[in-house]
file work19.cif (mmCIF, C-alpha atoms)
data_structure
loop_
_atom_site.group_PDB
_atom_site.id
_atom_site.type_symbol
_atom_site.label_atom_id
_atom_site.label_comp_id
_atom_site.auth_asym_id
_atom_site.auth_seq_id
_atom_site.Cartn_x
_atom_site.Cartn_y
_atom_site.Cartn_z
ATOM 1 C CA MET A 1 51.676 7.210 -16.774
ATOM 2 C CA LYS A 2 51.239 9.199 -13.580
ATOM 3 C CA ILE A 3 53.551 8.082 -10.808
ATOM 4 C CA GLY A 4 53.024 9.621 -7.383
ATOM 5 C CA VAL A 5 55.999 10.463 -5.178
ATOM 6 C CA VAL A 6 55.161 11.010 -1.514
ATOM 7 C CA THR A 7 56.786 13.750 0.535
ATOM 8 C CA PHE A 8 56.811 13.216 4.308
ATOM 9 C CA PRO A 9 58.313 15.746 6.742
ATOM 10 C CA GLY A 10 62.012 14.888 6.410
ATOM 11 C CA THR A 11 61.941 13.194 2.997
ATOM 12 C CA LEU A 12 65.163 13.929 1.081
ATOM 13 C CA ASP A 13 64.962 12.093 -2.215
ATOM 14 C CA ASP A 14 61.500 13.010 -3.480
ATOM 15 C CA ARG A 15 62.897 15.348 -6.156
ATOM 16 C CA ASP A 16 65.372 12.671 -7.293
ATOM 17 C CA ALA A 17 62.564 10.112 -7.495
ATOM 18 C CA GLN A 18 60.442 12.559 -9.523
ATOM 19 C CA ARG A 19 63.393 13.094 -11.874
ATOM 20 C CA ALA A 20 63.854 9.319 -12.243
ATOM 21 C CA VAL A 21 60.173 8.957 -13.186
ATOM 22 C CA ARG A 22 60.566 11.728 -15.773
ATOM 23 C CA LEU A 23 63.739 10.188 -17.274
ATOM 24 C CA ALA A 24 61.925 6.850 -17.572
ATOM 25 C CA GLY A 25 59.151 8.519 -19.569
ATOM 26 C CA GLY A 26 56.537 8.877 -16.825
ATOM 27 C CA THR A 27 54.828 11.898 -15.303
ATOM 28 C CA PRO A 28 55.726 12.466 -11.639
ATOM 29 C CA VAL A 29 52.933 13.644 -9.345
ATOM 30 C CA PRO A 30 53.930 15.016 -5.930
ATOM 31 C CA LEU A 31 51.835 13.515 -3.112
ATOM 32 C CA TRP A 32 51.636 15.085 0.340
ATOM 33 C CA HIS A 33 51.741 13.061 3.576
ATOM 34 C CA ALA A 34 48.731 14.833 5.099
ATOM 35 C CA ASP A 35 46.531 14.370 2.010
ATOM 36 C CA THR A 36 44.495 11.175 1.596
ATOM 37 C CA ASN A 37 43.958 11.891 -2.130
ATOM 38 C CA LEU A 38 46.295 10.043 -4.512
ATOM 39 C CA HIS A 39 45.238 12.227 -7.497
ATOM 40 C CA ASP A 40 44.538 9.212 -9.754
ATOM 41 C CA VAL A 41 48.168 8.088 -9.951
ATOM 42 C CA ASP A 42 48.949 4.715 -11.546
ATOM 43 C CA ALA A 43 51.774 3.865 -9.117
ATOM 44 C CA VAL A 44 53.455 5.307 -6.022
ATOM 45 C CA VAL A 45 57.069 5.766 -4.934
ATOM 46 C CA LEU A 46 57.863 6.189 -1.230
ATOM 47 C CA PRO A 47 61.248 7.893 -1.437
ATOM 48 C CA GLY A 48 64.214 7.904 0.904
ATOM 49 C CA GLY A 49 65.437 10.263 3.565
ATOM 50 C CA PHE A 50 63.746 10.424 6.931
ATOM 51 C CA SER A 51 60.182 10.874 8.141
ATOM 52 C CA TYR A 52 58.843 12.551 11.274
ATOM 53 C CA GLY A 53 62.380 12.559 12.695
ATOM 54 C CA ASP A 54 62.321 8.757 12.442
ATOM 55 C CA TYR A 55 61.025 8.934 16.030
ATOM 56 C CA LEU A 56 59.820 5.721 17.698
ATOM 57 C CA ARG A 57 61.185 3.565 14.845
ATOM 58 C CA CYS A 58 62.167 4.524 11.282
ATOM 59 C CA GLY A 59 58.981 4.714 9.245
ATOM 60 C CA ALA A 60 56.642 3.961 12.177
ATOM 61 C CA ILE A 61 54.949 7.352 12.356
ATOM 62 C CA ALA A 62 54.907 7.736 8.559
ATOM 63 C CA ALA A 63 53.008 4.430 8.369
ATOM 64 C CA GLN A 64 50.198 6.154 10.322
ATOM 65 C CA ALA A 65 50.107 9.238 8.028
ATOM 66 C CA PRO A 66 46.828 10.010 6.199
ATOM 67 C CA VAL A 67 48.350 9.391 2.735
ATOM 68 C CA MET A 68 49.562 5.958 3.840
ATOM 69 C CA GLN A 69 46.062 4.818 4.799
ATOM 70 C CA THR A 70 44.970 5.287 1.162
ATOM 71 C CA ILE A 71 48.214 3.778 -0.181
ATOM 72 C CA ILE A 72 47.873 0.680 2.048
ATOM 73 C CA GLU A 73 44.288 0.178 0.885
ATOM 74 C CA LYS A 74 45.172 0.579 -2.814
ATOM 75 C CA ALA A 75 48.374 -1.472 -2.540
ATOM 76 C CA ASN A 76 46.294 -4.351 -1.198
ATOM 77 C CA GLN A 77 44.153 -3.974 -4.338
ATOM 78 C CA GLY A 78 47.224 -4.113 -6.623
ATOM 79 C CA LEU A 79 48.511 -0.520 -6.959
ATOM 80 C CA PRO A 80 52.279 -0.714 -7.702
ATOM 81 C CA VAL A 81 54.254 0.762 -4.779
ATOM 82 C CA LEU A 82 58.044 1.067 -4.546
ATOM 83 C CA GLY A 83 59.633 1.889 -1.173
ATOM 84 C CA ILE A 84 63.224 3.096 -1.263
ATOM 85 C CA CYS A 85 65.296 3.234 1.947
ATOM 86 C CA ASN A 86 63.051 5.129 4.398
ATOM 87 C CA GLY A 87 60.217 4.151 2.044
ATOM 88 C CA PHE A 88 61.138 0.470 2.573
ATOM 89 C CA GLN A 89 61.027 1.101 6.329
ATOM 90 C CA VAL A 90 57.574 2.682 5.894
ATOM 91 C CA LEU A 91 56.426 -0.421 3.945
ATOM 92 C CA VAL A 92 57.486 -2.830 6.699
ATOM 93 C CA GLU A 93 55.925 -0.602 9.374
ATOM 94 C CA SER A 94 52.728 -0.558 7.275
ATOM 95 C CA HIS A 95 52.819 -4.384 7.149
ATOM 96 C CA LEU A 96 52.816 -4.292 3.344
ATOM 97 C CA LEU A 97 56.119 -6.190 3.565
ATOM 98 C CA PRO A 98 57.219 -8.448 6.448
ATOM 99 C CA GLY A 99 60.136 -8.049 8.852
ATOM 100 C CA GLY A 100 61.919 -4.993 10.153
ATOM 101 C CA LEU A 101 64.999 -2.805 9.690
ATOM 102 C CA ILE A 102 67.411 -2.086 12.508
ATOM 103 C CA ARG A 103 70.605 -0.132 13.045
ATOM 104 C CA ASN A 104 73.504 -1.281 10.868
ATOM 105 C CA GLU A 105 75.510 -4.038 12.491
ATOM 106 C CA ASN A 106 78.672 -1.922 12.725
ATOM 107 C CA GLN A 107 76.738 1.161 13.977
ATOM 108 C CA HIS A 108 78.013 3.321 11.085
ATOM 109 C CA PHE A 109 76.060 5.235 8.489
ATOM 110 C CA ILE A 110 77.137 3.651 5.205
ATOM 111 C CA CYS A 111 77.375 5.377 1.831
ATOM 112 C CA ARG A 112 78.750 3.360 -1.081
ATOM 113 C CA ASP A 113 78.062 2.139 -4.585
ATOM 114 C CA GLN A 114 76.568 -1.276 -3.905
ATOM 115 C CA THR A 115 76.316 -4.343 -6.110
ATOM 116 C CA LEU A 116 72.990 -6.197 -5.899
ATOM 117 C CA ARG A 117 71.702 -9.350 -7.544
ATOM 118 C CA VAL A 118 68.175 -9.150 -8.971
ATOM 119 C CA GLU A 119 66.619 -12.424 -7.832
ATOM 120 C CA ASN A 120 63.039 -11.865 -8.894
ATOM 121 C CA THR A 121 61.931 -10.225 -12.124
ATOM 122 C CA SER A 122 58.207 -10.946 -11.964
ATOM 123 C CA THR A 123 57.282 -7.723 -10.154
ATOM 124 C CA ALA A 124 55.922 -4.371 -11.301
ATOM 125 C CA TRP A 125 59.305 -2.779 -10.522
ATOM 126 C CA THR A 126 61.843 -5.359 -11.771
ATOM 127 C CA ASN A 127 60.399 -6.828 -14.999
ATOM 128 C CA GLN A 128 62.980 -5.077 -17.218
ATOM 129 C CA PHE A 129 65.916 -6.796 -15.457
ATOM 130 C CA GLN A 130 67.365 -10.205 -16.325
ATOM 131 C CA LEU A 131 67.069 -12.834 -13.605
ATOM 132 C CA ASN A 132 70.265 -12.881 -11.504
ATOM 133 C CA GLU A 133 71.518 -9.722 -13.230
ATOM 134 C CA GLU A 134 74.030 -7.838 -11.073
ATOM 135 C CA ILE A 135 73.415 -4.116 -10.801
ATOM 136 C CA VAL A 136 75.187 -1.236 -9.056
ATOM 137 C CA ILE A 137 73.232 1.532 -7.324
ATOM 138 C CA PRO A 138 74.095 3.781 -4.362
ATOM 139 C CA LEU A 139 73.390 2.658 -0.796
ATOM 140 C CA LYS A 140 73.206 5.216 2.012
ATOM 141 C CA ASN A 141 71.660 4.310 5.318
ATOM 142 C CA GLY A 142 72.159 4.012 9.040
ATOM 143 C CA GLU A 143 69.338 1.583 9.748
ATOM 144 C CA GLY A 144 69.391 -0.923 6.924
ATOM 145 C CA GLY A 145 69.877 -4.204 8.756
ATOM 146 C CA TYR A 146 67.021 -6.439 7.615
ATOM 147 C CA ILE A 147 65.678 -8.830 10.219
ATOM 148 C CA ALA A 148 62.771 -11.231 10.480
ATOM 149 C CA ASP A 149 61.989 -14.300 12.536
ATOM 150 C CA ALA A 150 63.093 -17.730 11.302
ATOM 151 C CA GLU A 151 59.608 -18.638 10.076
ATOM 152 C CA THR A 152 59.279 -15.428 8.010
ATOM 153 C CA LEU A 153 62.758 -15.909 6.492
ATOM 154 C CA LYS A 154 61.852 -19.442 5.543
ATOM 155 C CA ARG A 155 58.662 -18.222 3.883
ATOM 156 C CA LEU A 156 60.514 -15.411 2.031
ATOM 157 C CA GLU A 157 63.049 -17.918 0.688
ATOM 158 C CA GLY A 158 60.451 -20.609 -0.041
ATOM 159 C CA GLU A 159 58.001 -18.307 -1.836
ATOM 160 C CA ASN A 160 60.804 -16.585 -3.737
ATOM 161 C CA LEU A 161 59.960 -13.126 -2.345
ATOM 162 C CA ILE A 162 63.566 -11.955 -1.907
ATOM 163 C CA THR A 163 63.993 -9.589 -4.822
ATOM 164 C CA PHE A 164 67.483 -8.152 -4.240
ATOM 165 C CA ARG A 165 70.478 -9.547 -2.389
ATOM 166 C CA TYR A 166 73.747 -7.814 -1.545
ATOM 167 C CA VAL A 167 76.702 -9.140 -3.557
ATOM 168 C CA ASP A 168 80.359 -9.171 -2.372
ATOM 169 C CA VAL A 169 79.668 -7.093 0.751
ATOM 170 C CA ASN A 170 76.759 -7.298 3.175
ATOM 171 C CA PRO A 171 77.009 -3.680 4.284
ATOM 172 C CA ASN A 172 74.610 -3.636 7.216
ATOM 173 C CA GLY A 173 74.268 -7.125 8.653
ATOM 174 C CA SER A 174 71.013 -7.928 6.847
ATOM 175 C CA MET A 175 69.821 -11.500 7.371
ATOM 176 C CA ASN A 176 70.338 -13.743 4.323
ATOM 177 C CA ASP A 177 71.992 -10.724 2.571
ATOM 178 C CA ILE A 178 68.505 -9.308 1.927
ATOM 179 C CA ALA A 179 68.575 -5.897 0.215
ATOM 180 C CA GLY A 180 64.980 -5.849 -1.010
ATOM 181 C CA LEU A 181 61.678 -7.735 -0.995
ATOM 182 C CA ARG A 182 58.439 -8.060 -2.909
ATOM 183 C CA ASN A 183 54.961 -8.977 -1.728
ATOM 184 C CA ALA A 184 53.157 -12.089 -2.957
ATOM 185 C CA LYS A 185 51.334 -10.203 -5.761
ATOM 186 C CA GLY A 186 54.540 -8.503 -6.911
ATOM 187 C CA ASN A 187 53.037 -5.004 -6.956
ATOM 188 C CA VAL A 188 54.852 -3.899 -3.779
ATOM 189 C CA VAL A 189 58.658 -3.821 -3.724
ATOM 190 C CA GLY A 190 60.936 -2.312 -1.082
ATOM 191 C CA LEU A 191 64.717 -2.020 -0.919
ATOM 192 C CA MET A 192 67.352 -0.131 1.051
ATOM 193 C CA PRO A 193 69.641 1.021 -1.835
ATOM 194 C CA HIS A 194 68.659 3.941 -4.071
ATOM 195 C CA PRO A 195 67.762 3.291 -7.733
ATOM 196 C CA GLU A 196 66.720 6.930 -8.218
ATOM 197 C CA HIS A 197 70.367 8.018 -7.857
ATOM 198 C CA ALA A 198 71.482 5.866 -10.806
ATOM 199 C CA VAL A 199 69.307 7.046 -13.689
ATOM 200 C CA GLU A 200 71.411 9.466 -15.742
ATOM 201 C CA ALA A 201 74.961 9.087 -17.091
ATOM 202 C CA GLY A 202 77.250 11.625 -15.440
ATOM 203 C CA PHE A 203 75.360 11.501 -12.143
ATOM 204 C CA GLY A 204 75.331 7.787 -11.268
ATOM 205 C CA PRO A 205 77.738 5.395 -9.541
ATOM 206 C CA ASP A 206 81.239 4.812 -10.910
ATOM 207 C CA MET A 207 81.326 1.913 -13.359
ATOM 208 C CA PRO A 208 84.279 0.094 -14.921
ATOM 209 C CA GLU A 209 83.594 1.852 -18.255
ATOM 210 C CA ALA A 210 83.484 5.406 -16.937
ATOM 211 C CA MET A 211 83.126 7.440 -13.773
ATOM 212 C CA ARG A 212 79.549 8.193 -12.647
ATOM 213 C CA SER A 213 78.115 6.416 -15.676
ATOM 214 C CA GLY A 214 75.866 3.926 -13.806
ATOM 215 C CA VAL A 215 72.193 3.984 -14.830
ATOM 216 C CA ASP A 216 71.054 0.596 -13.481
ATOM 217 C CA GLY A 217 68.361 2.291 -11.385
ATOM 218 C CA LEU A 218 66.417 3.483 -14.409
ATOM 219 C CA LYS A 219 64.979 0.002 -15.052
ATOM 220 C CA PHE A 220 62.941 0.167 -11.828
ATOM 221 C CA PHE A 221 60.996 3.027 -13.341
ATOM 222 C CA THR A 222 60.817 1.693 -16.905
ATOM 223 C CA SER A 223 59.620 -1.606 -15.379
ATOM 224 C CA VAL A 224 56.614 -0.020 -13.688
ATOM 225 C CA ILE A 225 55.713 1.900 -16.850
ATOM 226 C CA HIS A 226 56.011 -1.344 -18.834
ATOM 227 C CA SER A 227 53.776 -3.204 -16.377
ATOM 228 C CA LEU A 228 51.169 -0.425 -16.463
ATOM 229 C CA VAL A 229 51.125 -0.264 -20.259
ATOM 230 C CA ASN A 230 50.611 -4.027 -20.401
ATOM 231 C CA ALA A 231 48.098 -4.136 -17.544
ATOM 232 C CA MET B 1 50.336 12.726 37.457
ATOM 233 C CA PRO B 2 48.566 9.452 36.568
ATOM 234 C CA LYS B 3 50.411 7.514 33.886
ATOM 235 C CA ILE B 4 50.459 4.362 31.886
ATOM 236 C CA ILE B 5 54.013 3.151 31.431
ATOM 237 C CA VAL B 6 54.856 1.029 28.404
ATOM 238 C CA GLU B 7 58.181 -0.787 28.404
ATOM 239 C CA VAL B 8 59.553 -2.115 25.135
ATOM 240 C CA MET B 9 62.681 -4.246 24.689
ATOM 241 C CA PRO B 10 64.437 -5.553 21.584
ATOM 242 C CA LYS B 11 63.750 -9.261 21.184
ATOM 243 C CA ALA B 12 66.124 -11.421 23.216
ATOM 244 C CA ASP B 13 67.415 -13.408 20.255
ATOM 245 C CA LEU B 14 68.092 -10.388 18.045
ATOM 246 C CA LEU B 15 71.266 -8.371 17.870
ATOM 247 C CA ASP B 16 71.034 -5.078 19.787
ATOM 248 C CA PRO B 17 73.918 -3.035 18.315
ATOM 249 C CA GLN B 18 73.291 -0.155 20.737
ATOM 250 C CA GLY B 19 73.453 -2.466 23.764
ATOM 251 C CA LYS B 20 76.551 -4.145 22.371
ATOM 252 C CA ALA B 21 78.366 -0.798 21.992
ATOM 253 C CA VAL B 22 77.457 0.215 25.566
ATOM 254 C CA ALA B 23 78.543 -3.196 26.902
ATOM 255 C CA ASN B 24 81.915 -2.826 25.155
ATOM 256 C CA SER B 25 82.343 0.620 26.674
ATOM 257 C CA LEU B 26 81.466 -0.590 30.192
ATOM 258 C CA ASN B 27 83.889 -3.483 29.800
ATOM 259 C CA ARG B 28 86.609 -1.022 28.778
ATOM 260 C CA LYS B 29 85.885 1.048 31.895
ATOM 261 C CA GLY B 30 86.734 -2.031 33.940
ATOM 262 C CA HIS B 31 83.234 -3.453 34.523
ATOM 263 C CA THR B 32 84.291 -6.755 33.062
ATOM 264 C CA GLU B 33 81.677 -8.646 35.096
ATOM 265 C CA ILE B 34 78.937 -7.230 32.818
ATOM 266 C CA THR B 35 78.387 -9.831 30.140
ATOM 267 C CA ALA B 36 75.771 -8.015 28.021
ATOM 268 C CA VAL B 37 73.694 -4.835 27.843
ATOM 269 C CA ARG B 38 70.319 -4.551 26.175
ATOM 270 C CA ILE B 39 68.635 -1.198 25.657
ATOM 271 C CA GLY B 40 64.885 -0.731 25.363
ATOM 272 C CA LYS B 41 62.358 2.082 25.706
ATOM 273 C CA ARG B 42 60.149 3.374 28.476
ATOM 274 C CA ILE B 43 57.159 5.275 27.117
ATOM 275 C CA GLU B 44 55.010 7.306 29.538
ATOM 276 C CA LEU B 45 51.421 8.119 28.638
ATOM 277 C CA HIS B 46 50.099 10.952 30.813
ATOM 278 C CA TYR B 47 46.452 11.299 31.853
ATOM 279 C CA ASP B 48 44.490 13.879 33.871
ATOM 280 C CA GLU B 49 42.804 11.132 35.858
ATOM 281 C CA THR B 50 43.834 7.616 36.803
ATOM 282 C CA PRO B 51 43.378 5.542 33.634
ATOM 283 C CA THR B 52 40.426 3.171 33.608
ATOM 284 C CA GLU B 53 40.658 -0.547 32.937
ATOM 285 C CA ALA B 54 39.327 0.144 29.412
ATOM 286 C CA GLN B 55 42.013 2.771 28.791
ATOM 287 C CA LEU B 56 44.664 0.325 29.985
ATOM 288 C CA GLU B 57 43.359 -2.268 27.519
ATOM 289 C CA GLU B 58 43.461 0.362 24.753
ATOM 290 C CA ALA B 59 47.035 1.207 25.690
ATOM 291 C CA LYS B 60 47.996 -2.473 25.590
ATOM 292 C CA ALA B 61 46.525 -2.708 22.085
ATOM 293 C CA PHE B 62 48.385 0.288 20.638
ATOM 294 C CA ALA B 63 51.527 -0.662 22.556
ATOM 295 C CA ALA B 64 51.509 -3.918 20.600
ATOM 296 C CA ASP B 65 50.729 -2.533 17.154
ATOM 297 C CA PHE B 66 52.202 0.979 17.133
ATOM 298 C CA LEU B 67 54.518 1.694 20.065
ATOM 299 C CA SER B 68 56.398 -1.531 19.344
ATOM 300 C CA ASN B 69 57.121 -3.627 16.267
ATOM 301 C CA GLY B 70 56.494 -7.272 17.069
ATOM 302 C CA VAL B 71 59.081 -8.376 14.527
ATOM 303 C CA ILE B 72 61.963 -6.799 16.406
ATOM 304 C CA GLU B 73 60.616 -5.869 19.852
ATOM 305 C CA ASP B 74 58.586 -7.198 22.763
ATOM 306 C CA VAL B 75 56.289 -5.166 24.998
ATOM 307 C CA VAL B 76 57.521 -6.359 28.382
ATOM 308 C CA ALA B 77 55.145 -4.357 30.612
ATOM 309 C CA VAL B 78 52.151 -2.010 30.457
ATOM 310 C CA THR B 79 51.449 -0.682 33.928
ATOM 311 C CA VAL B 80 49.353 2.040 35.548
ATOM 312 C CA GLU B 81 51.079 4.462 37.896
ATOM 313 C CA ALA B 82 48.389 6.393 39.806
#

call {"tool": "encode", "arguments": {"input": "work19.cif", "output": "structure tokens"}}
result
Amino acid sequence: MKIGVVTFPGTLDDRDAQRAVRLAGGTPVPLWHADTNLHDVDAVVLPGGFSYGDYLRCGAIAAQAPVMQTIIEKANQGLPVLGICNGFQVLVESHLLPGGLIRNENQHFICRDQTLRVENTSTAWTNQFQLNEEIVIPLKNGEGGYIADAETLKRLEGENLITFRYVDVNPNGSMNDIAGLRNAKGNVVGLMPHPEHAVEAGFGPDMPEAMRSGVDGLKFFTSVIHSLVNA
Amino acid sequence: MPKIIVEVMPKADLLDPQGKAVANSLNRKGHTEITAVRIGKRIELHYDETPTEAQLEEAKAFAADFLSNGVIEDVVAVTVEA
């Protein structure tokens, strides 16, 4: 399975996302922001970091990049796309997911191991989780406060599109504790925390069993491979 | 220089953490009569010649779908400055 990982000017976690794809058994394919060609990939990851200085709004200029025009078109046809952190911001600015992300409520950049509840497992990126499973993956952002108007929130809750919710601590003031969302088809998922940093024992978050042993992020990538194999 | 000026503000009912921090600071400096601060953006588009009506309409369109995000912001004015 070929999984594309986009690099924008300012992307930080593209190499980590490529490594996560590899550890899950896929073949990572680097994609370039200025290239409209997706090189026949079966899925796409929009990784975290920054893009175009995050000028105007985080993800706003990236959403206009040549590669995104192809990704938006294919995502609307069912191509699995995962947006992590800045990638989630790019997805909302591309209107592939609703709402917006604003500066954290307390104004601070936050970096912590974060517990999330998986509230929807019928997506390309979460089918290997158990419903309501609690997972721990790193969170690191300055602009992770999820907001949407009352009508959108009602629709997200009613149509069961909220895929991840913060547990114990709402680190950034996100409405309804929203950490991540899916689209109606379930091929597009975006979240602020970073699954690609929790894929290999020794390099993941601290867990009760052992330091840095957390690998809960790996299932995002095995999920997409599973959904592609069974497609 | 002829310009089109686009003014964007965070939506009134949404939290503006930046404005809140500035309001707190002003209150601390003794300006306790200030009850709130909200911070938006002024975007200047420069032209060689005075923008036409059509160019103003174009600017209004991309102000709404690119220069602002309707979920979190409102375009409060798009004006020509000759």

call {"tool": "resolve_selection", "arguments": {"input": "work19.cif", "expression": "the PyMOL selection byres ((chain A) within 12 of (chain B))", "output": "mmCIF file with C-alpha atoms, in the frame of the given file"}}
result
data_model
loop_
_atom_site.group_PDB
_atom_site.id
_atom_site.type_symbol
_atom_site.label_atom_id
_atom_site.label_comp_id
_atom_site.auth_asym_id
_atom_site.auth_seq_id
_atom_site.Cartn_x
_atom_site.Cartn_y
_atom_site.Cartn_z
ATOM 1 C CA TYR A 55 61.025 8.934 16.030
ATOM 2 C CA LEU A 56 59.820 5.721 17.698
ATOM 3 C CA ARG A 57 61.185 3.565 14.845
ATOM 4 C CA CYS A 58 62.167 4.524 11.282
ATOM 5 C CA GLY A 59 58.981 4.714 9.245
ATOM 6 C CA ALA A 60 56.642 3.961 12.177
ATOM 7 C CA ILE A 61 54.949 7.352 12.356
ATOM 8 C CA ALA A 62 54.907 7.736 8.559
ATOM 9 C CA ALA A 63 53.008 4.430 8.369
ATOM 10 C CA GLN A 64 50.198 6.154 10.322
ATOM 11 C CA GLN A 89 61.027 1.101 6.329
ATOM 12 C CA VAL A 92 57.486 -2.830 6.699
ATOM 13 C CA GLU A 93 55.925 -0.602 9.374
ATOM 14 C CA SER A 94 52.728 -0.558 7.275
ATOM 15 C CA HIS A 95 52.819 -4.384 7.149
ATOM 16 C CA LEU A 97 56.119 -6.190 3.565
ATOM 17 C CA PRO A 98 57.219 -8.448 6.448
ATOM 18 C CA GLY A 99 60.136 -8.049 8.852
ATOM 19 C CA GLY A 100 61.919 -4.993 10.153
ATOM 20 C CA LEU A 101 64.999 -2.805 9.690
ATOM 21 C CA ILE A 102 67.411 -2.086 12.508
ATOM 22 C CA ARG A 103 70.605 -0.132 13.045
ATOM 23 C CA ASN A 104 73.504 -1.281 10.868
ATOM 24 C CA GLU A 105 75.510 -4.038 12.491
ATOM 25 C CA ASN A 106 78.672 -1.922 12.725
ATOM 26 C CA GLN A 107 76.738 1.161 13.977
ATOM 27 C CA HIS A 108 78.013 3.321 11.085
ATOM 28 C CA GLY A 142 72.159 4.012 9.040
ATOM 29 C CA GLU A 143 69.338 1.583 9.748
ATOM 30 C CA GLY A 145 69.877 -4.204 8.756
ATOM 31 C CA TYR A 146 67.021 -6.439 7.615
ATOM 32 C CA ILE A 147 65.678 -8.830 10.219
ATOM 33 C CA ALA A 148 62.771 -11.231 10.480
ATOM 34 C CA ASP A 149 61.989 -14.300 12.536
ATOM 35 C CA ALA A 150 63.093 -17.730 11.302
ATOM 36 C CA GLU A 151 59.608 -18.638 10.076
ATOM 37 C CA THR A 152 59.279 -15.428 8.010
ATOM 38 C CA LEU A 153 62.758 -15.909 6.492
ATOM 39 C CA ASN A 172 74.610 -3.636 7.216
ATOM 40 C CA GLY A 173 74.268 -7.125 8.653
ATOM 41 C CA SER A 174 71.013 -7.928 6.847
ATOM 42 C CA MET A 175 69.821 -11.500 7.371
#

call {"tool": "residues_around", "arguments": {"input": "work19.cif", "residues": "Lys74 of chain A", "least_positions_apart": "6", "cutoff": "12 Å", "atoms": "only C-alpha atoms", "output": "number ranges by chain"}}
result
A: 36-38, 40-44, 67-68, 80-81, 96, 187-188

call {"tool": "axis_aligned_box", "arguments": {"input": "work19.cif", "around": "segment 6-16 of chain A", "padding_each_side": "8 Å", "output": "lines of an AutoDock Vina configuration file"}}
result
center_x = 60.3
center_y = 13.4
center_z = -0.3
size_x = 26.2
size_y = 20.7
size_z = 30.0

call {"tool": "closest_residue", "arguments": {"input": "work19.cif", "among": "B:Val75, B:Met1, B:Ile34, B:Ala61", "to": "Asp48 of chain B", "atoms": "only C-alpha atoms"}}
result
B:Met1

call {"tool": "residues_around", "arguments": {"input": "work19.cif", "residues": "Ala59 of chain B", "least_positions_apart": "5", "cutoff": "12 Å", "atoms": "all atoms listed in the file", "output": "PyMOL selection string"}}
result
chain B and resi 3-7+43-47+51-54+64-68+75+77-80

call {"tool": "write_last_selection", "arguments": {"input": "work19.cif", "atoms": "C-alpha atoms", "output": "compact mmCIF listing (two decimals), in the frame of the given file"}}
result
# COMPACT_ATOMS: atom_id res chain seq x y z
CA LYS B 3 50.41 7.51 33.89
CA ILE B 4 50.46 4.36 31.89
CA ILE B 5 54.01 3.15 31.43
CA VAL B 6 54.86 1.03 28.40
CA GLU B 7 58.18 -0.79 28.40
CA ILE B 43 57.16 5.28 27.12
CA GLU B 44 55.01 7.31 29.54
CA LEU B 45 51.42 8.12 28.64
CA HIS B 46 50.10 10.95 30.81
CA TYR B 47 46.45 11.30 31.85
CA PRO B 51 43.38 5.54 33.63
CA THR B 52 40.43 3.17 33.61
CA GLU B 53 40.66 -0.55 32.94
CA ALA B 54 39.33 0.14 29.41
CA ALA B 64 51.51 -3.92 20.60
CA ASP B 65 50.73 -2.53 17.15
CA PHE B 66 52.20 0.98 17.13
CA LEU B 67 54.52 1.69 20.07
CA SER B 68 56.40 -1.53 19.34
CA VAL B 75 56.29 -5.17 25.00
CA ALA B 77 55.14 -4.36 30.61
CA VAL B 78 52.15 -2.01 30.46
CA THR B 79 51.45 -0.68 33.93
CA VAL B 80 49.35 2.04 35.55

call {"tool": "closest_residue", "arguments": {"input": "work19.cif", "among": "B:Ile39, B:Val8, B:Leu56, B:Thr32", "to": "Asp74 of chain B", "atoms": "all atoms listed in the file"}}
result
B:Val8

call {"tool": "residues_near_point", "arguments": {"input": "work19.cif", "point": "(67.9, -3.8, 23.2)", "cutoff": "6 Å", "atoms": "all atoms listed in the file", "output": "PyMOL selection string"}}
result
chain B and resi 9-10+16+19+38-40

call {"tool": "write_last_selection", "arguments": {"input": "work19.cif", "atoms": "C-alpha atoms", "output": "mmCIF file, keeping the file's coordinate frame"}}
result
data_model
loop_
_atom_site.group_PDB
_atom_site.id
_atom_site.type_symbol
_atom_site.label_atom_id
_atom_site.label_comp_id
_atom_site.auth_asym_id
_atom_site.auth_seq_id
_atom_site.Cartn_x
_atom_site.Cartn_y
_atom_site.Cartn_z
ATOM 1 C CA MET B 9 62.681 -4.246 24.689
ATOM 2 C CA PRO B 10 64.437 -5.553 21.584
ATOM 3 C CA ASP B 16 71.034 -5.078 19.787
ATOM 4 C CA GLY B 19 73.453 -2.466 23.764
ATOM 5 C CA ARG B 38 70.319 -4.551 26.175
ATOM 6 C CA ILE B 39 68.635 -1.198 25.657
ATOM 7 C CA GLY B 40 64.885 -0.731 25.363
#

call {"tool": "atom_distance", "arguments": {"input": "work19.cif", "atom1": "atom CA of Tyr52 of chain A", "atom2": "atom CA of Gly180 of chain A"}}
result
23.0 Å

call {"tool": "atom_distance", "arguments": {"input": "work19.cif", "atom1": "atom CA of Thr115 of chain A", "atom2": "atom CA of Arg19 of chain A"}}
result
22.5 Å

call {"tool": "atom_distance", "arguments": {"input": "work19.cif", "atom1": "atom CA of Ser25 of chain B", "atom2": "atom CA of Asn86 of chain A"}}
result
29.8 Å
